[in-house]
Amino acid sequence: MSILKHDELDFKKINYNKPEKQGIIYYSSINYDNKPFYLQTPKMSCKNGFQDVLDSKNSLLDLEPINMDYSFYDSLLTLDEKNVKNTFDNNKEWFGKNIPLEIIDNMYKRNNKPVKKDSKPNFSFKIPLIKQKVQCQIYDQKRVCVDFEKIQENTEVVLILHVKGLKFLKQHYYCDIYISQIKVFLDGGNKYSILDNYAFNDREEEEDELKSLEKELMLDVDFVQGFQKEKEEKEKIQNELKIAKEQFDKYKNEIEDLESRLSKF
């Protein structure tokens with residue numbers, strides 16, 4: 001499974017299937033490069049908490065960027081435009097008639113709310129619930145599963161969104177996006193074990209750790225090389241000392257022999 005960051009998206013790789021009837025609606029599934037379309041958000045701040053989500057009719061988690069960064073907002077705008085254009089290009093095949101672009105554009109319900117001047121973008125994404133029980137996994141920054149209650153107003157999170165498809169109703173249609181996983185940034189840790197696989201894209205953090213490890217290894221190599229050099233120097237001196245002692249013993253024996261011979265005169 002590939003998790004995409006919004007600034008890595010190649011919108012040409014987004015594919016749409018012909019809408020199929022599902023009950024009273026029609027649904028056009030979406031994939032990215034023929035794989036499920038999972039999109040990772042930047043770090044954002046929650047504008048509501050878990051209880052607000054449970055109490056609401058639509059179970060939406062409201063968020064805003066940490067700073068005045070509009071890049072994720074712009075990526076979702078581009079996705080909306082892609083959805084409208086693709087619907088227009090295929091409306092004859094999908095619906096059996098030519099529908100003007102203006103009508104299709106008016107029918108499309110965008111995920112993004114208009115942004116006021118000098119204001120942060122606001123986002124709302126659906127938390128999947130079944131009988132008030134959250135269906136997505138929630139992890140802390142240590143990759144440990146935590147309860148949904150940990151999400152409070154102003155909590156910082158990163159989301160993995162499943163961009164599933166286009167949902168066509170009688171009067172309008174929209175892009176069906178819901179939260180698949182949540183990474184929550186907490187002050188404290190948690191003793192509980194991970195329950196499922198971790199899917200967040202932590203490439204930047206892993207690269208930083210690798211650089212730090214390489215630096216430590218370089219220090220270790222320098223230490224080992226220095227120690228090896230000292231060992232070799234010591235062995236050299238010991239070898240020279242051994243040779244000198246052997247020569248000394250040889251000369252000592254020759255002197256004693258000469259003195260003994262001289263004493264006979």
# chains A, B, ... in the order shown; residues from 1 in each chain; ligands from 1

$ select_by_dssp --residues "range 152-260 of chain A" --states "helix (DSSP H, G or I)" --output "PyMOL selection string"
chain A and resi 203-260

$ residues_around --residues "range 98-103 of chain A" --least-positions-apart "4" --cutoff "12 Å" --atoms "only C-alpha atoms" --output "PyMOL selection string"
chain A and resi 81+83-94+107-109+171-173

$ closest_atom_pairs --of "range 137-196 of chain A" --to "range 125-128 of chain A" --cutoff "8 Å" --atoms "only C-alpha atoms" --output "Markdown table"
| residue | atom | partner | partner_atom | distance |
| --- | --- | --- | --- | --- |
| A:Ile177 | CA | A:Phe125 | CA | 7.0 |
| A:Tyr178 | CA | A:Lys126 | CA | 4.8 |
| A:Ile179 | CA | A:Ile127 | CA | 5.5 |
| A:Ser180 | CA | A:Pro128 | CA | 7.9 |

$ closest_residue --among "A:Val144, A:Leu63, A:Val163, A:Cys136" --to "Asn122 in chain A" --atoms "only C-alpha atoms"
A:Leu63

$ select_by_dssp --residues "range 76-130 of chain A" --states "strand (DSSP E or B)" --output "count of residues only"
8

$ atom_distance --atom1 "CA of Glu233 in chain A" --atom2 "CA of Glu214 in chain A"
28.5 Å
